[in-house]
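Novice: Here you go, work.pdb (PDB, C-alpha atoms, pLDDT in the B column):
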ATOM      1  CA  LEU A   1      72.829  96.089 118.339  1.00 50.00           C
ATOM      2  CA  LYS A   2      74.493  92.766 119.117  1.00 52.00           C
ATOM      3  CA  LEU A   3      77.695  93.908 117.361  1.00 51.00           C
ATOM      4  CA  GLN A   4      77.757  97.109 119.414  1.00 53.00           C
ATOM      5  CA  PHE A   5      77.310  95.145 122.627  1.00 50.00           C
ATOM      6  CA  LEU A   6      80.171  92.787 121.726  1.00 51.00           C
ATOM      7  CA  TYR A   7      82.365  95.752 120.946  1.00 53.00           C
ATOM      8  CA  PHE A   8      81.508  97.361 124.300  1.00 53.00           C
ATOM      9  CA  ILE A   9      82.452  94.175 126.204  1.00 53.00           C
ATOM     10  CA  ASP A  10      85.643  93.708 124.186  1.00 49.00           C
ATOM     11  CA  LYS A  11      86.558  97.376 124.671  1.00 49.00           C
ATOM     12  CA  ARG A  12      86.229  97.118 128.441  1.00 52.00           C
ATOM     13  CA  ALA A  13      88.261  93.924 128.547  1.00 54.00           C
ATOM     14  CA  LYS A  14      91.247  94.909 126.393  1.00 54.00           C
ATOM     15  CA  ASN A  15      90.863  98.659 125.877  1.00 59.00           C
ATOM     16  CA  THR A  16      91.363  98.086 122.125  1.00 61.00           C
ATOM     17  CA  PRO A  17      88.786  97.644 119.385  1.00 61.00           C
ATOM     18  CA  PRO A  18      88.333  94.158 117.945  1.00 63.00           C
ATOM     19  CA  SER A  19      90.492  93.185 114.995  1.00 63.00           C
ATOM     20  CA  PHE A  20      87.641  93.507 112.472  1.00 62.00           C
ATOM     21  CA  LEU A  21      87.192  97.180 113.422  1.00 61.00           C
ATOM     22  CA  LYS A  22      90.896  98.094 113.206  1.00 63.00           C
ATOM     23  CA  MET A  23      92.051 100.053 110.192  1.00 61.00           C
ATOM     24  CA  GLY A  24      95.041  98.871 108.202  1.00 65.00           C
ATOM     25  CA  LYS A  25      98.240 100.899 108.082  1.00 74.00           C
ATOM     26  CA  PHE A  26      98.611 102.576 104.714  1.00 73.00           C
ATOM     27  CA  LEU A  27     100.989 105.473 105.455  1.00 83.00           C
ATOM     28  CA  LYS A  28     104.149 103.477 104.859  1.00 87.00           C
ATOM     29  CA  THR A  29     107.603 104.354 103.611  1.00 88.00           C
ATOM     30  CA  GLY A  30     107.506 105.135  99.906  1.00 90.00           C
ATOM     31  CA  LYS A  31     103.854 106.268  99.788  1.00 92.00           C
ATOM     32  CA  VAL A  32     103.342 109.476  97.809  1.00 94.00           C
ATOM     33  CA  VAL A  33     101.210 112.015  99.705  1.00 94.00           C
ATOM     34  CA  LEU A  34      99.879 115.526  99.209  1.00 95.00           C
ATOM     35  CA  LEU A  35     100.530 118.062 101.957  1.00 94.00           C
ATOM     36  CA  LEU A  36      97.440 119.937 103.107  1.00 94.00           C
ATOM     37  CA  HIS A  37      98.674 122.565 105.592  1.00 92.00           C
ATOM     38  CA  GLY A  38     101.545 124.965 105.978  1.00 92.00           C
ATOM     39  CA  ARG A  39     104.134 126.407 103.671  1.00 93.00           C
ATOM     40  CA  PHE A  40     104.181 123.395 101.375  1.00 94.00           C
ATOM     41  CA  ALA A  41     100.398 122.948 101.133  1.00 93.00           C
ATOM     42  CA  GLY A  42      99.438 121.458  97.781  1.00 93.00           C
ATOM     43  CA  LYS A  43     102.915 119.985  97.188  1.00 94.00           C
ATOM     44  CA  LYS A  44     103.669 116.336  96.547  1.00 94.00           C
ATOM     45  CA  ALA A  45     105.927 114.435  98.900  1.00 95.00           C
ATOM     46  CA  VAL A  46     107.009 110.886  99.647  1.00 95.00           C
ATOM     47  CA  ILE A  47     107.151 109.356 103.122  1.00 94.00           C
ATOM     48  CA  VAL A  48     110.748 108.578 104.104  1.00 92.00           C
ATOM     49  CA  GLN A  49     110.210 107.563 107.740  1.00 89.00           C
ATOM     50  CA  ASN A  50     106.926 106.974 109.542  1.00 88.00           C
ATOM     51  CA  SER A  51     105.936 106.983 113.214  1.00 82.00           C
ATOM     52  CA  ASP A  52     102.339 105.885 113.809  1.00 79.00           C
ATOM     53  CA  ASN A  53     102.388 106.083 117.611  1.00 78.00           C
ATOM     54  CA  GLY A  54     104.539 109.180 118.029  1.00 74.00           C
ATOM     55  CA  THR A  55     107.697 109.844 120.020  1.00 77.00           C
ATOM     56  CA  LYS A  56     108.649 111.680 123.184  1.00 82.00           C
ATOM     57  CA  GLU A  57     108.993 115.031 121.365  1.00 81.00           C
ATOM     58  CA  ARG A  58     105.946 114.526 119.116  1.00 83.00           C
ATOM     59  CA  SER A  59     103.204 112.584 120.867  1.00 85.00           C
ATOM     60  CA  TYR A  60     101.088 112.297 117.704  1.00 86.00           C
ATOM     61  CA  GLY A  61     101.429 110.172 114.581  1.00 86.00           C
ATOM     62  CA  HIS A  62     103.824 111.858 112.175  1.00 90.00           C
ATOM     63  CA  ALA A  63     106.018 111.186 109.168  1.00 91.00           C
ATOM     64  CA  LEU A  64     109.278 112.544 107.772  1.00 91.00           C
ATOM     65  CA  VAL A  65     108.541 113.468 104.170  1.00 93.00           C
ATOM     66  CA  ALA A  66     110.714 114.567 101.271  1.00 94.00           C
ATOM     67  CA  GLY A  67     108.945 116.477  98.551  1.00 94.00           C
ATOM     68  CA  VAL A  68     109.265 118.663  95.488  1.00 94.00           C
ATOM     69  CA  ASP A  69     109.282 122.369  96.314  1.00 93.00           C
ATOM     70  CA  LYS A  70     109.885 123.474  92.728  1.00 92.00           C
ATOM     71  CA  CYS A  71     109.119 121.191  89.796  1.00 90.00           C
ATOM     72  CA  PRO A  72     111.330 120.983  86.701  1.00 91.00           C
ATOM     73  CA  LEU A  73     110.298 123.198  83.787  1.00 91.00           C
ATOM     74  CA  LYS A  74     109.608 122.162  80.202  1.00 91.00           C
ATOM     75  CA  VAL A  75     112.599 121.643  77.932  1.00 90.00           C
ATOM     76  CA  ARG A  76     112.538 122.215  74.188  1.00 93.00           C
ATOM     77  CA  LYS A  77     114.781 120.985  71.415  1.00 91.00           C
ATOM     78  CA  GLY A  78     116.254 124.379  70.565  1.00 93.00           C
ATOM     79  CA  MET A  79     117.627 125.095  74.054  1.00 93.00           C
ATOM     80  CA  SER A  80     121.303 124.945  74.917  1.00 94.00           C
ATOM     81  CA  LYS A  81     122.608 122.168  77.167  1.00 93.00           C
ATOM     82  CA  LYS A  82     123.248 124.651  79.971  1.00 94.00           C
ATOM     83  CA  ARG A  83     119.684 125.948  79.837  1.00 95.00           C
ATOM     84  CA  MET A  84     118.279 122.422  79.667  1.00 93.00           C
ATOM     85  CA  ALA A  85     120.262 121.436  82.763  1.00 91.00           C
ATOM     86  CA  PHE A  86     119.048 124.562  84.584  1.00 93.00           C
ATOM     87  CA  ARG A  87     115.392 123.976  83.722  1.00 92.00           C
ATOM     88  CA  SER A  88     115.453 120.285  84.625  1.00 90.00           C
ATOM     89  CA  ARG A  89     116.584 120.881  88.221  1.00 91.00           C
ATOM     90  CA  VAL A  90     114.417 119.721  91.131  1.00 91.00           C
ATOM     91  CA  ARG A  91     114.285 121.729  94.373  1.00 94.00           C
ATOM     92  CA  PRO A  92     113.363 119.388  97.252  1.00 94.00           C
ATOM     93  CA  PHE A  93     112.257 119.935 100.839  1.00 94.00           C
ATOM     94  CA  ILE A  94     112.343 117.778 103.961  1.00 94.00           C
ATOM     95  CA  LYS A  95     109.751 118.160 106.698  1.00 92.00           C
ATOM     96  CA  VAL A  96     108.163 116.324 109.629  1.00 92.00           C
ATOM     97  CA  VAL A  97     104.389 116.374 109.160  1.00 92.00           C
ATOM     98  CA  ASN A  98     101.407 115.348 111.286  1.00 91.00           C
ATOM     99  CA  HIS A  99      99.373 112.512 109.754  1.00 91.00           C
ATOM    100  CA  ASN A 100      96.292 114.744 109.841  1.00 91.00           C
ATOM    101  CA  HIS A 101      97.981 117.133 107.405  1.00 93.00           C
ATOM    102  CA  VAL A 102      98.710 114.659 104.594  1.00 93.00           C
ATOM    103  CA  MET A 103      96.467 113.040 102.008  1.00 93.00           C
ATOM    104  CA  PRO A 104      97.736 109.717 100.632  1.00 93.00           C
ATOM    105  CA  THR A 105      97.612 109.030  96.911  1.00 92.00           C
ATOM    106  CA  ARG A 106      97.520 105.737  95.028  1.00 92.00           C
ATOM    107  CA  TYR A 107     101.160 106.169  93.991  1.00 92.00           C
ATOM    108  CA  ASN A 108     104.235 104.597  95.591  1.00 91.00           C
ATOM    109  CA  MET A 109     107.924 105.312  95.091  1.00 90.00           C
ATOM    110  CA  ASP A 110     110.588 102.726  95.821  1.00 89.00           C
ATOM    111  CA  LEU A 111     113.235 104.507  97.883  1.00 86.00           C
ATOM    112  CA  PRO A 112     116.857 103.325  98.115  1.00 84.00           C
ATOM    113  CA  GLN A 113     117.894 101.993 101.512  1.00 84.00           C
ATOM    114  CA  ASP A 114     120.574 104.665 101.993  1.00 80.00           C
ATOM    115  CA  VAL A 115     117.974 107.423 101.657  1.00 81.00           C
ATOM    116  CA  LYS A 116     115.733 105.804 104.285  1.00 79.00           C
ATOM    117  CA  SER A 117     118.553 105.532 106.802  1.00 79.00           C
ATOM    118  CA  LYS A 118     120.539 108.740 106.158  1.00 82.00           C
ATOM    119  CA  VAL A 119     117.742 111.329 106.044  1.00 83.00           C
ATOM    120  CA  SER A 120     117.530 113.258 109.326  1.00 80.00           C
ATOM    121  CA  THR A 121     116.163 116.604 110.512  1.00 79.00           C
ATOM    122  CA  SER A 122     117.566 116.601 114.047  1.00 83.00           C
ATOM    123  CA  GLU A 123     120.280 119.222 113.341  1.00 86.00           C
ATOM    124  CA  GLN A 124     120.582 121.895 110.660  1.00 87.00           C
ATOM    125  CA  SER A 125     123.805 120.438 109.204  1.00 88.00           C
ATOM    126  CA  LYS A 126     122.241 116.951 108.975  1.00 87.00           C
ATOM    127  CA  LYS A 127     119.127 118.421 107.396  1.00 87.00           C
ATOM    128  CA  GLU A 128     121.176 120.193 104.688  1.00 90.00           C
ATOM    129  CA  ALA A 129     123.145 117.014 103.931  1.00 89.00           C
ATOM    130  CA  SER A 130     119.873 115.052 103.779  1.00 89.00           C
ATOM    131  CA  LYS A 131     118.412 117.626 101.412  1.00 90.00           C
ATOM    132  CA  LYS A 132     121.398 117.215  99.053  1.00 91.00           C
ATOM    133  CA  LEU A 133     120.989 113.439  99.145  1.00 91.00           C
ATOM    134  CA  VAL A 134     117.278 113.730  98.348  1.00 91.00           C
ATOM    135  CA  ARG A 135     117.997 116.240  95.570  1.00 93.00           C
ATOM    136  CA  THR A 136     120.378 113.824  93.819  1.00 92.00           C
ATOM    137  CA  MET A 137     117.885 110.963  94.190  1.00 92.00           C
ATOM    138  CA  PHE A 138     115.016 113.052  92.772  1.00 92.00           C
ATOM    139  CA  GLN A 139     117.264 114.384  89.978  1.00 92.00           C
ATOM    140  CA  ASP A 140     118.262 110.850  88.932  1.00 92.00           C
ATOM    141  CA  ARG A 141     114.640 109.682  88.968  1.00 91.00           C
ATOM    142  CA  TYR A 142     113.502 112.645  86.890  1.00 92.00           C
ATOM    143  CA  LYS A 143     116.239 112.156  84.281  1.00 91.00           C
ATOM    144  CA  ALA A 144     115.499 108.409  84.085  1.00 92.00           C
ATOM    145  CA  GLY A 145     111.821 109.148  83.438  1.00 90.00           C
ATOM    146  CA  LYS A 146     110.548 107.320  86.534  1.00 89.00           C
ATOM    147  CA  ASN A 147     107.568 108.550  88.569  1.00 88.00           C
ATOM    148  CA  LYS A 148     106.556 111.185  86.002  1.00 89.00           C
ATOM    149  CA  TRP A 149     103.423 112.215  87.897  1.00 90.00           C
ATOM    150  CA  PHE A 150     105.487 113.056  90.985  1.00 90.00           C
ATOM    151  CA  PHE A 151     107.547 115.671  89.131  1.00 89.00           C
ATOM    152  CA  GLN A 152     104.619 117.508  87.516  1.00 89.00           C
ATOM    153  CA  ARG A 153     102.832 120.455  89.081  1.00 89.00           C
ATOM    154  CA  LEU A 154      99.588 119.641  90.829  1.00 86.00           C
ATOM    155  CA  ARG A 155      96.780 121.366  88.955  1.00 83.00           C
ATOM    156  CA  PHE A 156      93.644 122.208  90.931  1.00 71.00           C
TER     157      PHE A 156
END
Please lay out the structure from this file as structure tokens.
Specialist:
Amino acid sequence: LKLQFLYFIDKRAKNTPPSFLKMGKFLKTGKVVLLLHGRFAGKKAVIVQNSDNGTKERSYGHALVAGVDKCPLKVRKGMSKKRMAFRSRVRPFIKVVNHNHVMPTRYNMDLPQDVKSKVSTSEQSKKEASKKLVRTMFQDRYKAGKNKWFFQRLRF
């Protein structure tokens, strides 16, 4: 009861909860998330840019995410090089998502600085160029064997 009373006084004074009741920020750049709503529901994505407070166009907390629309397929020893290259392609997507529609995972992905700064969805031409940039980054990561869980289908 005393804690509630202190919180009530503090809330009236500053209009913000005390520091011990504030939640830490965990939706940061590089955090791998699962999308929960929309066309890409159930897909894995990584946060490229984050806006906790919102902007003029979007007054809610949102994040620009880049994810895997179509995962690479299995490759066997007997396949030709052309078929191996075809099956190991990654089809990405870029989307602005409300924070309520993502579920963070324990995984992180270290993104290059050029990806963080160059990815944009403001115009269609910029979005297509950003998608190509993300595709090459994902392709390189997949071929190097990094972040294996990110490039596998989510089974549930």
Novice: Starting from the point (116.6, 121.6, 94.8), work out which residues of protein, DNA or RNA have an atom no more than 10 Å away when counting only C-alpha atoms; state them as a list in words.
Specialist: Gly67, Val68, Asp69, Lys70, Cys71, Pro72, Arg89, Val90, Arg91, Pro92, Phe93, Lys131, Lys132, Val134, Arg135, Thr136, Phe138 and Gln139 of chain A
Novice: Given the file above and the PyMOL selection byres ((chain A and resi 61-65) around 6), which residues are selected, and can you give them as a PyMOL selection string?
Specialist: chain A and resi 45-54+60+66+94-99
Novice: Using the chain letters and numbers from the file, give me the residues hit by the PyMOL selection byres ((chain A and resi 119) around 8), as a ChimeraX atom specification.
Specialist: /A:48,115-118,120-121,126-127,130-131,133
Novice: Give me a file of those residues, with C-alpha atoms, as a short mmCIF file (atom, residue, chain, number, x, y, z; two decimals), in the coordinates of the input.
Specialist:
data_model
loop_
_atom_site.label_atom_id
_atom_site.label_comp_id
_atom_site.auth_asym_id
_atom_site.auth_seq_id
_atom_site.Cartn_x
_atom_site.Cartn_y
_atom_site.Cartn_z
CA VAL A 48 110.75 108.58 104.10
CA VAL A 115 117.97 107.42 101.66
CA LYS A 116 115.73 105.80 104.28
CA SER A 117 118.55 105.53 106.80
CA LYS A 118 120.54 108.74 106.16
CA SER A 120 117.53 113.26 109.33
CA THR A 121 116.16 116.60 110.51
CA LYS A 126 122.24 116.95 108.98
CA LYS A 127 119.13 118.42 107.40
CA SER A 130 119.87 115.05 103.78
CA LYS A 131 118.41 117.63 101.41
CA LEU A 133 120.99 113.44 99.14
#
Novice: A:Lys148, A:Arg76, A:His101, A:Lys143: which is nearest Phe40 of chain A, counting all atoms listed in the file?
Specialist: A:His101
Novice: If the PyMOL selection byres ((chain A and resi 33) around 8) is run on the structure shown, which residues does it catch, given as a PyMOL selection string?
Specialist: chain A and resi 31-32+34-35+44-47+102-105
Novice: Just the selected residues (C-alpha atoms), exported as a PDB file, in the coordinates of the input, please.
Specialist:
ATOM      1  CA  LYS A  31     103.854 106.268  99.788  1.00 92.00           C
ATOM      2  CA  VAL A  32     103.342 109.476  97.809  1.00 94.00           C
ATOM      3  CA  LEU A  34      99.879 115.526  99.209  1.00 95.00           C
ATOM      4  CA  LEU A  35     100.530 118.062 101.957  1.00 94.00           C
ATOM      5  CA  LYS A  44     103.669 116.336  96.547  1.00 94.00           C
ATOM      6  CA  ALA A  45     105.927 114.435  98.900  1.00 95.00           C
ATOM      7  CA  VAL A  46     107.009 110.886  99.647  1.00 95.00           C
ATOM      8  CA  ILE A  47     107.151 109.356 103.122  1.00 94.00           C
ATOM      9  CA  VAL A 102      98.710 114.659 104.594  1.00 93.00           C
ATOM     10  CA  MET A 103      96.467 113.040 102.008  1.00 93.00           C
ATOM     11  CA  PRO A 104      97.736 109.717 100.632  1.00 93.00           C
ATOM     12  CA  THR A 105      97.612 109.030  96.911  1.00 92.00           C
TER      13      THR A 105
END
Novice: Find the axis-aligned box for segment 74-83 of chain A, covering all its listed atoms and adding 5 Å on each side, and write its centre and edge lengths in Å to one decimal as JSON.
Specialist:
{"center_x": 116.4, "center_y": 123.5, "center_z": 75.4, "size_x": 23.6, "size_y": 15.0, "size_z": 19.6}
Novice: Could you tell me how far atom CA of Gly30 of chain A sits from atom CA of Gln124 of chain A, in Å to one decimal place?
Specialist: 23.8 Å
Novice: Suppose you want the space between atom CA of Glu123 of chain A and atom CA of Tyr142 of chain A; what is it in Å?
Specialist: 28.1 Å
Novice: May I ask for the distance between atom CA of Arg155 of chain A and atom CA of Met109 of chain A, given in Å to one decimal place?
Specialist: 20.5 Å
Novice: Would you kindly return, as a PDB file with C-alpha atoms, in the coordinates of the input, each protein, DNA or RNA residue with an atom no farther than 9 Å from any atom of Phe86 of chain A, considering only C-alpha atoms and excluding same-chain residues fewer than 4 positions away?
Specialist:
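Output file part-v5.pdb follows:
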ATOM      1  CA  PRO A  72     111.330 120.983  86.701  1.00 91.00           C
ATOM      2  CA  LEU A  73     110.298 123.198  83.787  1.00 91.00           C
ATOM      3  CA  LYS A  81     122.608 122.168  77.167  1.00 93.00           C
ATOM      4  CA  LYS A  82     123.248 124.651  79.971  1.00 94.00           C
TER       5      LYS A  82
END
Novice: May I ask you to restore N, CA, C and O atoms in segment 37-55 of chain A and write the result as a PDB file, in the coordinates of the input?
Specialist:
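Output (selection.pdb):
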ATOM      1  N   HIS A  37      98.544 121.368 104.763  1.00 92.00           N
ATOM      2  CA  HIS A  37      98.674 122.565 105.592  1.00 92.00           C
ATOM      3  C   HIS A  37     100.094 123.099 105.529  1.00 92.00           C
ATOM      4  O   HIS A  37     101.034 122.373 105.246  1.00 92.00           O
ATOM      5  N   GLY A  38     100.226 124.377 105.820  1.00 92.00           N
ATOM      6  CA  GLY A  38     101.545 124.965 105.978  1.00 92.00           C
ATOM      7  C   GLY A  38     102.122 125.517 104.699  1.00 92.00           C
ATOM      8  O   GLY A  38     101.453 125.696 103.686  1.00 92.00           O
ATOM      9  N   ARG A  39     103.407 125.771 104.772  1.00 93.00           N
ATOM     10  CA  ARG A  39     104.134 126.407 103.671  1.00 93.00           C
ATOM     11  C   ARG A  39     104.103 125.573 102.398  1.00 93.00           C
ATOM     12  O   ARG A  39     104.080 126.117 101.296  1.00 93.00           O
ATOM     13  N   PHE A  40     104.128 124.279 102.540  1.00 94.00           N
ATOM     14  CA  PHE A  40     104.181 123.395 101.375  1.00 94.00           C
ATOM     15  C   PHE A  40     102.823 122.782 101.056  1.00 94.00           C
ATOM     16  O   PHE A  40     102.749 121.694 100.476  1.00 94.00           O
ATOM     17  N   ALA A  41     101.747 123.457 101.415  1.00 93.00           N
ATOM     18  CA  ALA A  41     100.398 122.948 101.133  1.00 93.00           C
ATOM     19  C   ALA A  41     100.210 122.822  99.623  1.00 93.00           C
ATOM     20  O   ALA A  41     100.561 123.716  98.862  1.00 93.00           O
ATOM     21  N   GLY A  42      99.656 121.704  99.196  1.00 93.00           N
ATOM     22  CA  GLY A  42      99.438 121.458  97.781  1.00 93.00           C
ATOM     23  C   GLY A  42     100.635 120.857  97.077  1.00 93.00           C
ATOM     24  O   GLY A  42     100.582 120.609  95.877  1.00 93.00           O
ATOM     25  N   LYS A  43     101.714 120.577  97.794  1.00 94.00           N
ATOM     26  CA  LYS A  43     102.915 119.985  97.188  1.00 94.00           C
ATOM     27  C   LYS A  43     102.887 118.477  97.378  1.00 94.00           C
ATOM     28  O   LYS A  43     102.321 117.954  98.326  1.00 94.00           O
ATOM     29  N   LYS A  44     103.558 117.787  96.464  1.00 94.00           N
ATOM     30  CA  LYS A  44     103.669 116.336  96.547  1.00 94.00           C
ATOM     31  C   LYS A  44     104.909 115.978  97.352  1.00 94.00           C
ATOM     32  O   LYS A  44     105.922 116.665  97.275  1.00 94.00           O
ATOM     33  N   ALA A  45     104.799 114.906  98.102  1.00 95.00           N
ATOM     34  CA  ALA A  45     105.927 114.435  98.900  1.00 95.00           C
ATOM     35  C   ALA A  45     105.847 112.923  99.021  1.00 95.00           C
ATOM     36  O   ALA A  45     104.815 112.318  98.741  1.00 95.00           O
ATOM     37  N   VAL A  46     106.957 112.327  99.433  1.00 95.00           N
ATOM     38  CA  VAL A  46     107.009 110.886  99.647  1.00 95.00           C
ATOM     39  C   VAL A  46     107.442 110.636 101.090  1.00 95.00           C
ATOM     40  O   VAL A  46     108.289 111.353 101.619  1.00 95.00           O
ATOM     41  N   ILE A  47     106.825 109.658 101.727  1.00 94.00           N
ATOM     42  CA  ILE A  47     107.151 109.356 103.122  1.00 94.00           C
ATOM     43  C   ILE A  47     108.486 108.619 103.174  1.00 94.00           C
ATOM     44  O   ILE A  47     108.662 107.584 102.531  1.00 94.00           O
ATOM     45  N   VAL A  48     109.425 109.180 103.945  1.00 92.00           N
ATOM     46  CA  VAL A  48     110.748 108.578 104.104  1.00 92.00           C
ATOM     47  C   VAL A  48     110.792 107.735 105.378  1.00 92.00           C
ATOM     48  O   VAL A  48     111.280 106.612 105.371  1.00 92.00           O
ATOM     49  N   GLN A  49     110.296 108.294 106.477  1.00 89.00           N
ATOM     50  CA  GLN A  49     110.210 107.563 107.740  1.00 89.00           C
ATOM     51  C   GLN A  49     108.843 107.829 108.336  1.00 89.00           C
ATOM     52  O   GLN A  49     108.328 108.937 108.230  1.00 89.00           O
ATOM     53  N   ASN A  50     108.270 106.834 108.997  1.00 88.00           N
ATOM     54  CA  ASN A  50     106.926 106.974 109.542  1.00 88.00           C
ATOM     55  C   ASN A  50     106.911 106.588 111.009  1.00 88.00           C
ATOM     56  O   ASN A  50     107.619 105.678 111.427  1.00 88.00           O
ATOM     57  N   SER A  51     106.118 107.306 111.798  1.00 82.00           N
ATOM     58  CA  SER A  51     105.936 106.983 113.214  1.00 82.00           C
ATOM     59  C   SER A  51     104.443 107.063 113.519  1.00 82.00           C
ATOM     60  O   SER A  51     103.894 108.153 113.664  1.00 82.00           O
ATOM     61  N   ASP A  52     103.788 105.916 113.591  1.00 79.00           N
ATOM     62  CA  ASP A  52     102.339 105.885 113.809  1.00 79.00           C
ATOM     63  C   ASP A  52     101.954 106.271 115.236  1.00 79.00           C
ATOM     64  O   ASP A  52     100.958 106.940 115.453  1.00 79.00           O
ATOM     65  N   ASN A  53     102.740 105.849 116.207  1.00 78.00           N
ATOM     66  CA  ASN A  53     102.388 106.083 117.611  1.00 78.00           C
ATOM     67  C   ASN A  53     102.963 107.372 118.177  1.00 78.00           C
ATOM     68  O   ASN A  53     102.557 107.802 119.244  1.00 78.00           O
ATOM     69  N   GLY A  54     103.920 107.972 117.518  1.00 74.00           N
ATOM     70  CA  GLY A  54     104.539 109.180 118.029  1.00 74.00           C
ATOM     71  C   GLY A  54     105.806 108.886 118.809  1.00 74.00           C
ATOM     72  O   GLY A  54     106.175 107.736 119.033  1.00 74.00           O
ATOM     73  N   THR A  55     106.468 109.953 119.245  1.00 77.00           N
ATOM     74  CA  THR A  55     107.697 109.844 120.020  1.00 77.00           C
ATOM     75  C   THR A  55     107.580 110.723 121.250  1.00 77.00           C
ATOM     76  O   THR A  55     106.522 111.292 121.524  1.00 77.00           O
TER      77      THR A  55
END
